[in-house]
$ cat my_file-v4.cif   # mmCIF, C-alpha atoms
data_work
#
loop_
_atom_site.label_atom_id
_atom_site.label_comp_id
_atom_site.auth_asym_id
_atom_site.auth_seq_id
_atom_site.Cartn_x
_atom_site.Cartn_y
_atom_site.Cartn_z
CA MET A 1 18.74 4.66 4.97
CA GLU A 2 20.31 1.21 4.65
CA ASN A 3 17.38 -0.93 3.55
CA ILE A 4 15.26 1.28 1.30
CA ILE A 5 15.85 3.62 -1.62
CA ILE A 6 13.62 6.64 -2.29
CA GLU A 7 13.50 8.39 -5.66
CA LYS A 8 11.31 11.38 -6.56
CA LYS A 9 10.36 12.52 -10.04
CA GLU A 10 7.44 14.59 -11.35
CA ASN A 11 5.31 14.41 -8.19
CA ILE A 12 5.82 10.62 -7.91
CA ALA A 13 8.01 8.91 -5.31
CA ILE A 14 9.29 5.37 -5.74
CA VAL A 15 10.20 3.48 -2.57
CA THR A 16 12.33 0.39 -3.23
CA ILE A 17 12.97 -2.17 -0.51
CA ASN A 18 16.62 -2.96 -1.12
CA ARG A 19 17.58 -6.25 0.56
CA PRO A 20 17.94 -8.48 -2.50
CA THR A 21 20.17 -11.06 -0.79
CA LYS A 22 17.33 -11.58 1.75
CA LEU A 23 14.64 -11.43 -0.97
CA ASN A 24 13.71 -8.04 0.59
CA ALA A 25 12.45 -9.69 3.79
CA LEU A 26 11.07 -7.28 6.38
CA ASN A 27 13.09 -6.94 9.55
CA LYS A 28 12.57 -4.38 12.32
CA ALA A 29 15.05 -1.93 10.80
CA THR A 30 13.35 -2.06 7.39
CA ILE A 31 9.89 -1.59 8.91
CA GLN A 32 11.12 1.48 10.80
CA GLU A 33 12.83 2.91 7.71
CA LEU A 34 9.66 2.42 5.68
CA HIS A 35 7.66 4.23 8.36
CA GLU A 36 10.07 7.15 8.32
CA GLY A 37 10.19 7.21 4.52
CA PHE A 38 6.40 7.20 4.12
CA LYS A 39 6.00 9.85 6.83
CA GLU A 40 8.51 12.12 5.12
CA LEU A 41 6.91 11.65 1.70
CA ASN A 42 3.42 12.26 3.08
CA GLU A 43 4.61 15.58 4.50
CA ASP A 44 6.13 16.62 1.16
CA ALA A 45 3.43 18.54 -0.71
CA SER A 46 5.22 17.96 -4.04
CA VAL A 47 4.69 14.19 -3.75
CA LYS A 48 1.21 13.27 -4.95
CA ALA A 49 1.61 9.49 -5.35
CA ILE A 50 3.93 6.82 -3.98
CA ILE A 51 4.93 3.50 -5.56
CA ILE A 52 6.50 0.79 -3.42
CA THR A 53 8.39 -2.12 -4.95
CA GLY A 54 11.21 -4.55 -4.22
CA SER A 55 14.71 -4.61 -5.67
CA GLY A 56 15.77 -7.37 -8.05
CA GLU A 57 13.61 -9.64 -10.15
CA LYS A 58 12.80 -12.38 -7.63
CA ALA A 59 10.76 -10.74 -4.90
CA PHE A 60 8.64 -7.80 -3.85
CA VAL A 61 9.00 -8.94 -0.23
CA ALA A 62 9.40 -12.64 0.50
CA GLY A 63 8.15 -12.33 4.08
CA ALA A 64 9.31 -11.29 7.51
CA ASP A 65 12.76 -12.00 8.88
CA ILE A 66 11.97 -15.15 10.89
CA SER A 67 15.32 -15.14 12.67
CA GLU A 68 14.25 -12.01 14.57
CA PHE A 69 11.28 -13.62 16.33
CA ALA A 70 11.88 -17.38 16.34
CA HIS A 71 12.45 -17.40 20.12
CA PHE A 72 9.83 -14.84 21.15
CA SER A 73 7.46 -15.35 24.08
CA VAL A 74 3.67 -14.92 23.90
CA GLU A 75 4.00 -11.34 25.15
CA GLU A 76 6.80 -10.52 22.73
CA GLY A 77 4.86 -12.00 19.81
CA GLY A 78 1.79 -9.91 20.54
CA LYS A 79 3.92 -6.78 20.91
CA LEU A 80 5.65 -7.51 17.58
CA ALA A 81 2.31 -7.64 15.75
CA ALA A 82 0.89 -4.56 17.50
CA GLN A 83 3.95 -2.43 16.84
CA GLY A 84 4.26 -3.57 13.22
CA GLN A 85 0.64 -2.78 12.47
CA GLU A 86 0.88 0.66 14.06
CA VAL A 87 4.27 1.66 12.65
CA LEU A 88 3.84 0.44 9.07
CA PHE A 89 0.79 -1.50 7.91
CA ASP A 90 -2.03 0.61 9.38
CA PHE A 91 0.11 3.68 8.79
CA VAL A 92 0.32 2.97 5.04
CA GLN A 93 -3.37 2.11 4.76
CA ASN A 94 -4.35 5.44 6.32
CA LEU A 95 -1.73 7.58 4.59
CA GLY A 96 -3.24 10.62 2.89
CA THR A 97 -0.95 10.17 -0.12
CA PRO A 98 -1.97 7.30 -2.45
CA VAL A 99 0.34 4.27 -2.20
CA ILE A 100 0.49 1.72 -5.04
CA ALA A 101 2.27 -1.61 -4.64
CA ALA A 102 4.20 -2.74 -7.73
CA VAL A 103 4.48 -6.44 -6.91
CA ASN A 104 7.40 -8.08 -8.69
CA GLY A 105 7.93 -11.77 -7.96
CA PHE A 106 7.21 -13.21 -4.52
CA ALA A 107 4.93 -11.37 -2.09
CA LEU A 108 4.65 -13.74 0.85
CA GLY A 109 3.67 -13.34 4.49
CA GLY A 110 4.57 -9.83 5.60
CA GLY A 111 5.24 -8.96 1.97
CA LEU A 112 1.67 -9.68 0.91
CA GLU A 113 0.46 -7.95 4.06
CA LEU A 114 2.42 -4.84 3.05
CA ALA A 115 1.03 -4.97 -0.49
CA MET A 116 -2.50 -5.33 0.88
CA ALA A 117 -2.00 -2.31 3.17
CA CYS A 118 -1.34 -0.20 0.06
CA HIS A 119 -4.32 1.46 -1.59
CA PHE A 120 -4.15 -0.90 -4.56
CA ARG A 121 -1.78 -3.28 -6.31
CA VAL A 122 -0.24 -3.96 -9.75
CA ALA A 123 1.53 -7.30 -10.27
CA SER A 124 4.11 -8.64 -12.67
CA ASP A 125 3.06 -11.77 -14.55
CA ASN A 126 5.59 -13.83 -12.57
CA ALA A 127 4.24 -12.72 -9.19
CA LYS A 128 3.36 -15.30 -6.55
CA MET A 129 1.35 -14.30 -3.50
CA GLY A 130 0.46 -16.08 -0.29
CA LEU A 131 0.32 -16.16 3.50
CA PRO A 132 2.36 -19.22 4.54
CA GLU A 133 2.52 -18.43 8.27
CA VAL A 134 0.67 -21.57 9.41
CA THR A 135 3.60 -23.66 8.15
CA LEU A 136 5.58 -22.03 10.97
CA GLY A 137 2.90 -22.64 13.58
CA VAL A 138 1.78 -19.01 13.63
CA ILE A 139 -0.80 -16.85 11.82
CA PRO A 140 -0.46 -13.64 9.81
CA GLY A 141 0.10 -10.86 12.33
CA TYR A 142 0.40 -7.70 10.27
CA GLY A 143 -3.26 -7.45 9.29
CA GLY A 144 -3.27 -10.33 6.82
CA THR A 145 -6.28 -12.18 8.23
CA GLN A 146 -8.36 -9.02 7.98
CA ARG A 147 -7.26 -7.41 4.71
CA LEU A 148 -7.14 -10.62 2.67
CA ALA A 149 -10.76 -11.42 3.56
CA GLN A 150 -11.77 -7.84 2.72
CA LEU A 151 -10.12 -8.09 -0.69
CA VAL A 152 -10.89 -11.63 -1.87
CA GLY A 153 -13.77 -12.73 0.35
CA LYS A 154 -13.90 -14.91 3.45
CA GLY A 155 -13.88 -18.32 1.76
CA ARG A 156 -10.90 -17.66 -0.49
CA ALA A 157 -9.00 -16.02 2.37
CA MET A 158 -9.65 -19.02 4.60
CA GLU A 159 -8.40 -21.40 1.91
CA MET A 160 -5.26 -19.37 1.17
CA ILE A 161 -4.37 -19.05 4.86
CA MET A 162 -5.19 -22.65 5.82
CA THR A 163 -3.37 -24.28 2.89
CA ALA A 164 -0.48 -21.77 3.02
CA GLY A 165 -0.60 -21.97 -0.76
CA MET A 166 0.55 -19.39 -3.24
CA VAL A 167 -1.61 -17.92 -6.01
CA ASP A 168 -0.20 -16.75 -9.31
CA ALA A 169 -0.72 -13.30 -10.79
CA GLN A 170 -3.70 -14.25 -12.96
CA THR A 171 -5.48 -15.90 -10.03
CA ALA A 172 -4.76 -12.84 -7.89
CA LEU A 173 -6.32 -10.70 -10.63
CA ASN A 174 -9.38 -12.96 -10.81
CA TYR A 175 -9.72 -12.79 -7.02
CA GLY A 176 -9.51 -8.98 -6.97
CA LEU A 177 -6.30 -9.11 -4.96
CA VAL A 178 -4.52 -7.05 -7.65
CA ASN A 179 -5.93 -4.53 -10.13
CA HIS A 180 -3.65 -5.23 -13.09
CA VAL A 181 -1.13 -7.79 -14.32
CA VAL A 182 1.64 -6.80 -16.73
CA SER A 183 5.02 -8.19 -17.75
CA GLN A 184 7.89 -7.68 -15.33
CA GLU A 185 9.56 -5.38 -17.85
CA GLU A 186 6.46 -3.17 -17.99
CA LEU A 187 5.61 -3.22 -14.28
CA LEU A 188 7.20 0.00 -13.10
CA GLU A 189 6.34 2.10 -16.17
CA PHE A 190 2.74 0.86 -16.15
CA THR A 191 2.40 1.68 -12.46
CA LYS A 192 3.98 5.09 -13.03
CA GLY A 193 1.34 5.70 -15.69
CA ILE A 194 -1.44 5.14 -13.17
CA ALA A 195 0.36 7.27 -10.60
CA SER A 196 0.71 10.05 -13.17
CA LYS A 197 -3.05 10.11 -13.68
CA ILE A 198 -3.52 10.40 -9.92
CA THR A 199 -1.12 13.36 -9.66
CA LYS A 200 -3.30 15.42 -12.03
CA ASN A 201 -6.19 15.33 -9.56
CA SER A 202 -6.78 17.08 -6.24
CA SER A 203 -4.51 15.66 -3.54
CA VAL A 204 -6.78 17.20 -0.91
CA ALA A 205 -9.83 15.42 -2.31
CA ILE A 206 -7.93 12.13 -2.73
CA ALA A 207 -6.86 12.19 0.92
CA LYS A 208 -10.49 12.70 1.93
CA ALA A 209 -11.55 9.84 -0.36
CA ILE A 210 -8.98 7.49 1.21
CA GLU A 211 -10.24 8.35 4.69
CA SER A 212 -13.85 7.84 3.61
CA VAL A 213 -13.30 4.46 1.95
CA ASN A 214 -11.25 3.19 4.90
CA ALA A 215 -13.99 4.27 7.32
CA ASN A 216 -16.20 1.42 6.08
CA TYR A 217 -13.76 -1.08 7.62
CA ILE A 218 -13.57 0.48 11.09
CA ASP A 219 -15.82 -1.04 13.75
CA GLY A 220 -18.32 1.41 15.15
CA VAL A 221 -17.75 3.99 12.40
CA ASN A 222 -20.47 4.89 9.90
CA GLY A 223 -18.71 5.26 6.56
CA TYR A 224 -21.59 7.21 5.05
CA GLU A 225 -21.36 9.81 7.80
CA VAL A 226 -17.60 10.12 7.27
CA GLU A 227 -18.25 10.60 3.55
CA ILE A 228 -20.81 13.34 4.23
CA LYS A 229 -18.39 15.13 6.57
CA ASN A 230 -15.50 14.89 4.11
CA PHE A 231 -17.67 15.85 1.13
CA GLY A 232 -18.70 19.01 2.95
CA ALA A 233 -15.14 19.77 4.02
CA CYS A 234 -14.02 19.75 0.39
CA PHE A 235 -16.19 22.80 -0.27
CA GLY A 236 -13.92 24.90 1.94
CA THR A 237 -10.72 24.08 0.04
CA GLU A 238 -8.78 25.97 -2.61
CA ASP A 239 -8.79 22.80 -4.71
CA PHE A 240 -12.60 22.86 -4.85
CA LYS A 241 -12.57 26.48 -5.99
CA GLU A 242 -9.94 25.72 -8.63
CA GLY A 243 -11.61 22.52 -9.81
CA THR A 244 -15.08 24.00 -10.24
CA THR A 245 -13.74 27.23 -11.76
CA ALA A 246 -11.64 25.29 -14.26
CA PHE A 247 -14.65 23.17 -15.21
CA LEU A 248 -16.83 26.22 -15.80
CA GLU A 249 -14.03 27.95 -17.75
CA LYS A 250 -13.52 24.77 -19.81
CA ARG A 251 -9.84 24.40 -18.91
CA LYS A 252 -7.71 21.88 -17.01
CA ALA A 253 -7.50 22.43 -13.28
CA ASN A 254 -4.17 23.36 -11.75
CA PHE A 255 -4.27 22.05 -8.22
CA SER A 256 -1.81 23.51 -5.72
CA GLY A 257 -1.16 20.36 -3.68
CA ARG A 258 -1.85 19.32 -0.10
#

$ encode --input "my_file-v4.cif" --output "structure tokens"
Amino acid sequence: MENIIIEKKENIAIVTINRPTKLNALNKATIQELHEGFKELNEDASVKAIIITGSGEKAFVAGADISEFAHFSVEEGGKLAAQGQEVLFDFVQNLGTPVIAAVNGFALGGGLELAMACHFRVASDNAKMGLPEVTLGVIPGYGGTQRLAQLVGKGRAMEMIMTAGMVDAQTALNYGLVNHVVSQEELLEFTKGIASKITKNSSVAIAKAIESVNANYIDGVNGYEVEIKNFGACFGTEDFKEGTTAFLEKRKANFSGR
């Protein structure tokens, strides 16, 4: 792959968007590579957590590649958003393997939308986040208007989108947009530490938990009913047998994977 780097170690995969001269901006090729990379990792039972980050010290992802769509028609613009959401952003949100965004530097436009599609976020103390699309006469099209409001509340989302302003890492933490803020030097190791804790638990149960939490945000779906269904389904898994047996035997569980 030309635009991303994938490394695997101890049940953790690190996906690095590697376009530093473009501040890791998302173009069509990078979006497709990310889709393929996430799909492959999700099918690898040895991978129990994924971290996504950007190369260099300046940016996680500084936005979409504007040159690719500057001359699009109404139809082409709608198709761009629909395909992007399906291929990458919704795909990441609904992935059965946990995905953590390690946000270093700028996460703007499509970059913040990608971070928000991940299951949660850790930011470096120099991170800057925002959705500046209205300065181009367009709106966020990769789920930004929906996920930002879900994470920070309607009023704050409206202000961020309308002003096109950036928030710093501490403000993002206060808003609930990120879970943790650490120094840039600590970012990857700190995020790996969280991922390591995740890998010790049941991947089968975690996938069911992701599906259940996400169900609350789907129109016409009763999240409680999805939880009940998934809770019951867990009882038929080898991980449930191992987890409960280990608890009763007062030992650590050794889960087999997905």

$ resolve_selection --input "my_file-v4.cif" --expression "the PyMOL selection byres ((chain A and resi 13) around 7)" --output "list in words"
Ile6, Glu7, Lys8, Lys9, Asn11, Ile12, Ile14, Val15, Val47, Ala49, Ile50 and Ile51 of chain A

$ closest_atom_pairs --input "my_file-v4.cif" --of "segment 36-120 of chain A" --to "segment 192-195 of chain A" --cutoff "12 Å" --atoms "all atoms listed in the file" --output "Markdown table"
| residue | atom | partner | partner_atom | distance |
| --- | --- | --- | --- | --- |
| A:Val47 | CA | A:Ala195 | CA | 10.7 |
| A:Lys48 | CA | A:Ala195 | CA | 8.3 |
| A:Ala49 | CA | A:Ala195 | CA | 5.8 |
| A:Ile50 | CA | A:Ala195 | CA | 7.5 |
| A:Ile51 | CA | A:Lys192 | CA | 7.7 |
| A:Ile52 | CA | A:Lys192 | CA | 10.8 |
| A:Thr53 | CA | A:Lys192 | CA | 11.7 |
| A:Thr97 | CA | A:Ala195 | CA | 11.0 |
| A:Pro98 | CA | A:Ala195 | CA | 8.5 |
| A:Val99 | CA | A:Ala195 | CA | 8.9 |
| A:Ile100 | CA | A:Ala195 | CA | 7.9 |
| A:Ala101 | CA | A:Ala195 | CA | 10.9 |
| A:Ala102 | CA | A:Lys192 | CA | 9.5 |
| A:His119 | CA | A:Ala195 | CA | 11.7 |
| A:Phe120 | CA | A:Ile194 | CA | 10.9 |

$ resolve_selection --input "my_file-v4.cif" --expression "the PyMOL selection byres ((chain A and resi 186-189) around 8)" --output "JSON, numbers by chain"
{"A": [102, 104, 122, 123, 124, 182, 183, 184, 185, 190, 191, 192, 193]}

$ atom_distance --input "my_file-v4.cif" --atom1 "atom CA of Ile66 of chain A" --atom2 "atom CA of Asn179 of chain A"
29.6 Å

$ resolve_selection --input "my_file-v4.cif" --expression "the PyMOL selection byres ((chain A and resi 163) around 9)" --output "list in words"
Leu131, Pro132, Val134, Thr135, Met158, Glu159, Met160, Ile161, Met162, Ala164, Gly165 and Met166 of chain A

$ atom_distance --input "my_file-v4.cif" --atom1 "atom CA of Pro20 of chain A" --atom2 "atom CA of Ala115 of chain A"
17.4 Å

$ closest_residue --input "my_file-v4.cif" --among "A:Glu33, A:Glu76, A:Glu40, A:Glu211" --to "Gln93 of chain A" --atoms "all atoms listed in the file"
A:Glu211

$ atom_distance --input "my_file-v4.cif" --atom1 "atom CA of Thr30 of chain A" --atom2 "atom CA of Gly110 of chain A"
11.9 Å

$ closest_residue --input "my_file-v4.cif" --among "A:Asn126, A:Asn254, A:Asn42, A:Thr145" --to "Ala207 of chain A" --atoms "all atoms listed in the file"
A:Asn42

$ residues_around --input "my_file-v4.cif" --residues "Val87 of chain A" --least-positions-apart "3" --cutoff "8 Å" --atoms "only C-alpha atoms" --output "mmCIF file with C-alpha atoms, keeping the file's coordinate frame"
data_model
loop_
_atom_site.group_PDB
_atom_site.id
_atom_site.type_symbol
_atom_site.label_atom_id
_atom_site.label_comp_id
_atom_site.auth_asym_id
_atom_site.auth_seq_id
_atom_site.Cartn_x
_atom_site.Cartn_y
_atom_site.Cartn_z
ATOM 1 C CA ILE A 31 9.890 -1.590 8.910
ATOM 2 C CA GLN A 32 11.120 1.480 10.800
ATOM 3 C CA HIS A 35 7.660 4.230 8.360
ATOM 4 C CA GLN A 83 3.950 -2.430 16.840
ATOM 5 C CA GLY A 84 4.260 -3.570 13.220
ATOM 6 C CA ASP A 90 -2.030 0.610 9.380
ATOM 7 C CA PHE A 91 0.110 3.680 8.790
#

$ closest_residue --input "my_file-v4.cif" --among "A:Ala82, A:Ala45, A:Leu108, A:Met129" --to "Ser256 of chain A" --atoms "all atoms listed in the file"
A:Ala45

$ closest_residue --input "my_file-v4.cif" --among "A:Gly155, A:Val138, A:Arg121, A:Ala29" --to "Gly176 of chain A" --atoms "all atoms listed in the file"
A:Arg121

$ residues_around --input "my_file-v4.cif" --residues "Ala215 of chain A" --least-positions-apart "3" --cutoff "12 Å" --atoms "all atoms listed in the file" --output "list in words"
Gln93, Asn94, Lys208, Ala209, Ile210, Glu211, Ser212, Ile218, Asp219, Gly220, Val221, Asn222, Gly223, Tyr224, Glu225, Val226, Glu227, Ile228, Lys229 and Asn230 of chain A

$ decode --input "my_file-v4.cif" --residues "segment 84-97 of chain A" --atoms "all heavy atoms" --output "PDB file, in the first residue's frame"
ATOM      1  N   GLY A  84     -17.815   7.526   0.605  1.00  0.00           N
ATOM      2  CA  GLY A  84     -16.852   7.663   1.693  1.00  0.00           C
ATOM      3  C   GLY A  84     -17.387   7.126   3.001  1.00  0.00           C
ATOM      4  O   GLY A  84     -16.687   6.421   3.734  1.00  0.00           O
ATOM      5  N   GLN A  85     -18.651   7.457   3.295  1.00  0.00           N
ATOM      6  CA  GLN A  85     -19.243   6.967   4.538  1.00  0.00           C
ATOM      7  C   GLN A  85     -19.314   5.451   4.553  1.00  0.00           C
ATOM      8  O   GLN A  85     -18.987   4.800   5.551  1.00  0.00           O
ATOM      9  CB  GLN A  85     -20.629   7.580   4.729  1.00  0.00           C
ATOM     10  CG  GLN A  85     -20.591   9.066   5.075  1.00  0.00           C
ATOM     11  CD  GLN A  85     -21.942   9.615   5.465  1.00  0.00           C
ATOM     12  OE1 GLN A  85     -22.789   8.898   5.977  1.00  0.00           O
ATOM     13  NE2 GLN A  85     -22.162  10.900   5.225  1.00  0.00           N
ATOM     14  N   GLU A  86     -19.727   4.872   3.429  1.00  0.00           N
ATOM     15  CA  GLU A  86     -19.868   3.415   3.370  1.00  0.00           C
ATOM     16  C   GLU A  86     -18.520   2.710   3.427  1.00  0.00           C
ATOM     17  O   GLU A  86     -18.346   1.734   4.171  1.00  0.00           O
ATOM     18  CB  GLU A  86     -20.602   3.017   2.083  1.00  0.00           C
ATOM     19  CG  GLU A  86     -20.774   1.508   1.929  1.00  0.00           C
ATOM     20  CD  GLU A  86     -21.447   1.117   0.620  1.00  0.00           C
ATOM     21  OE1 GLU A  86     -21.866   2.018  -0.136  1.00  0.00           O
ATOM     22  OE2 GLU A  86     -21.544  -0.089   0.350  1.00  0.00           O
ATOM     23  N   VAL A  87     -17.560   3.194   2.648  1.00  0.00           N
ATOM     24  CA  VAL A  87     -16.277   2.503   2.497  1.00  0.00           C
ATOM     25  C   VAL A  87     -15.394   2.640   3.744  1.00  0.00           C
ATOM     26  O   VAL A  87     -14.704   1.695   4.120  1.00  0.00           O
ATOM     27  CB  VAL A  87     -15.527   3.037   1.252  1.00  0.00           C
ATOM     28  CG1 VAL A  87     -14.093   2.553   1.213  1.00  0.00           C
ATOM     29  CG2 VAL A  87     -16.244   2.601  -0.014  1.00  0.00           C
ATOM     30  N   LEU A  88     -15.444   3.791   4.402  1.00  0.00           N
ATOM     31  CA  LEU A  88     -14.509   4.001   5.508  1.00  0.00           C
ATOM     32  C   LEU A  88     -15.170   4.383   6.824  1.00  0.00           C
ATOM     33  O   LEU A  88     -15.025   3.679   7.824  1.00  0.00           O
ATOM     34  CB  LEU A  88     -13.473   5.067   5.128  1.00  0.00           C
ATOM     35  CG  LEU A  88     -12.397   5.338   6.193  1.00  0.00           C
ATOM     36  CD1 LEU A  88     -11.614   4.064   6.527  1.00  0.00           C
ATOM     37  CD2 LEU A  88     -11.450   6.438   5.729  1.00  0.00           C
ATOM     38  N   PHE A  89     -15.900   5.473   6.867  1.00  0.00           N
ATOM     39  CA  PHE A  89     -16.306   6.048   8.146  1.00  0.00           C
ATOM     40  C   PHE A  89     -17.334   5.182   8.882  1.00  0.00           C
ATOM     41  O   PHE A  89     -17.145   4.861  10.057  1.00  0.00           O
ATOM     42  CB  PHE A  89     -16.799   7.482   7.932  1.00  0.00           C
ATOM     43  CG  PHE A  89     -15.725   8.370   7.361  1.00  0.00           C
ATOM     44  CD1 PHE A  89     -15.490   8.418   5.988  1.00  0.00           C
ATOM     45  CD2 PHE A  89     -14.903   9.120   8.187  1.00  0.00           C
ATOM     46  CE1 PHE A  89     -14.476   9.207   5.452  1.00  0.00           C
ATOM     47  CE2 PHE A  89     -13.886   9.907   7.660  1.00  0.00           C
ATOM     48  CZ  PHE A  89     -13.675   9.947   6.299  1.00  0.00           C
ATOM     49  N   ASP A  90     -18.412   4.774   8.217  1.00  0.00           N
ATOM     50  CA  ASP A  90     -19.356   3.852   8.838  1.00  0.00           C
ATOM     51  C   ASP A  90     -18.712   2.488   9.049  1.00  0.00           C
ATOM     52  O   ASP A  90     -18.993   1.797  10.032  1.00  0.00           O
ATOM     53  CB  ASP A  90     -20.608   3.695   7.964  1.00  0.00           C
ATOM     54  CG  ASP A  90     -21.461   4.955   7.934  1.00  0.00           C
ATOM     55  OD1 ASP A  90     -21.186   5.885   8.716  1.00  0.00           O
ATOM     56  OD2 ASP A  90     -22.398   5.012   7.110  1.00  0.00           O
ATOM     57  N   PHE A  91     -17.847   2.113   8.125  1.00  0.00           N
ATOM     58  CA  PHE A  91     -17.165   0.819   8.214  1.00  0.00           C
ATOM     59  C   PHE A  91     -16.330   0.732   9.488  1.00  0.00           C
ATOM     60  O   PHE A  91     -16.376  -0.271  10.212  1.00  0.00           O
ATOM     61  CB  PHE A  91     -16.278   0.628   6.976  1.00  0.00           C
ATOM     62  CG  PHE A  91     -15.653  -0.730   6.870  1.00  0.00           C
ATOM     63  CD1 PHE A  91     -16.396  -1.819   6.447  1.00  0.00           C
ATOM     64  CD2 PHE A  91     -14.313  -0.928   7.180  1.00  0.00           C
ATOM     65  CE1 PHE A  91     -15.821  -3.089   6.342  1.00  0.00           C
ATOM     66  CE2 PHE A  91     -13.730  -2.181   7.071  1.00  0.00           C
ATOM     67  CZ  PHE A  91     -14.483  -3.265   6.664  1.00  0.00           C
ATOM     68  N   VAL A  92     -15.589   1.796   9.790  1.00  0.00           N
ATOM     69  CA  VAL A  92     -14.762   1.828  11.009  1.00  0.00           C
ATOM     70  C   VAL A  92     -15.643   1.827  12.248  1.00  0.00           C
ATOM     71  O   VAL A  92     -15.395   1.093  13.215  1.00  0.00           O
ATOM     72  CB  VAL A  92     -13.829   3.056  11.001  1.00  0.00           C
ATOM     73  CG1 VAL A  92     -13.167   3.255  12.364  1.00  0.00           C
ATOM     74  CG2 VAL A  92     -12.758   2.904   9.926  1.00  0.00           C
ATOM     75  N   GLN A  93     -16.686   2.651  12.236  1.00  0.00           N
ATOM     76  CA  GLN A  93     -17.556   2.734  13.410  1.00  0.00           C
ATOM     77  C   GLN A  93     -18.147   1.382  13.770  1.00  0.00           C
ATOM     78  O   GLN A  93     -18.318   1.059  14.947  1.00  0.00           O
ATOM     79  CB  GLN A  93     -18.684   3.735  13.158  1.00  0.00           C
ATOM     80  CG  GLN A  93     -19.675   3.843  14.313  1.00  0.00           C
ATOM     81  CD  GLN A  93     -20.688   4.940  14.117  1.00  0.00           C
ATOM     82  OE1 GLN A  93     -20.346   6.109  14.130  1.00  0.00           O
ATOM     83  NE2 GLN A  93     -21.948   4.581  13.916  1.00  0.00           N
ATOM     84  N   ASN A  94     -18.480   0.589  12.764  1.00  0.00           N
ATOM     85  CA  ASN A  94     -19.147  -0.696  12.996  1.00  0.00           C
ATOM     86  C   ASN A  94     -18.204  -1.886  12.976  1.00  0.00           C
ATOM     87  O   ASN A  94     -18.661  -3.034  13.034  1.00  0.00           O
ATOM     88  CB  ASN A  94     -20.255  -0.883  11.953  1.00  0.00           C
ATOM     89  CG  ASN A  94     -21.354   0.157  12.119  1.00  0.00           C
ATOM     90  OD1 ASN A  94     -21.923   0.295  13.192  1.00  0.00           O
ATOM     91  ND2 ASN A  94     -21.640   0.898  11.069  1.00  0.00           N
ATOM     92  N   LEU A  95     -16.904  -1.625  12.915  1.00  0.00           N
ATOM     93  CA  LEU A  95     -15.928  -2.718  12.921  1.00  0.00           C
ATOM     94  C   LEU A  95     -16.011  -3.480  14.247  1.00  0.00           C
ATOM     95  O   LEU A  95     -16.144  -2.878  15.313  1.00  0.00           O
ATOM     96  CB  LEU A  95     -14.521  -2.149  12.731  1.00  0.00           C
ATOM     97  CG  LEU A  95     -13.489  -3.066  12.062  1.00  0.00           C
ATOM     98  CD1 LEU A  95     -13.837  -3.293  10.599  1.00  0.00           C
ATOM     99  CD2 LEU A  95     -12.091  -2.468  12.167  1.00  0.00           C
ATOM    100  N   GLY A  96     -15.912  -4.794  14.178  1.00  0.00           N
ATOM    101  CA  GLY A  96     -15.970  -5.601  15.391  1.00  0.00           C
ATOM    102  C   GLY A  96     -14.719  -5.502  16.243  1.00  0.00           C
ATOM    103  O   GLY A  96     -14.749  -5.773  17.446  1.00  0.00           O
ATOM    104  N   THR A  97     -13.602  -5.120  15.625  1.00  0.00           N
ATOM    105  CA  THR A  97     -12.343  -4.934  16.361  1.00  0.00           C
ATOM    106  C   THR A  97     -12.275  -3.481  16.842  1.00  0.00           C
ATOM    107  O   THR A  97     -12.513  -2.566  16.058  1.00  0.00           O
ATOM    108  CB  THR A  97     -11.145  -5.225  15.438  1.00  0.00           C
ATOM    109  OG1 THR A  97     -11.312  -6.519  14.857  1.00  0.00           O
ATOM    110  CG2 THR A  97      -9.841  -5.193  16.227  1.00  0.00           C
TER     111      THR A  97
END
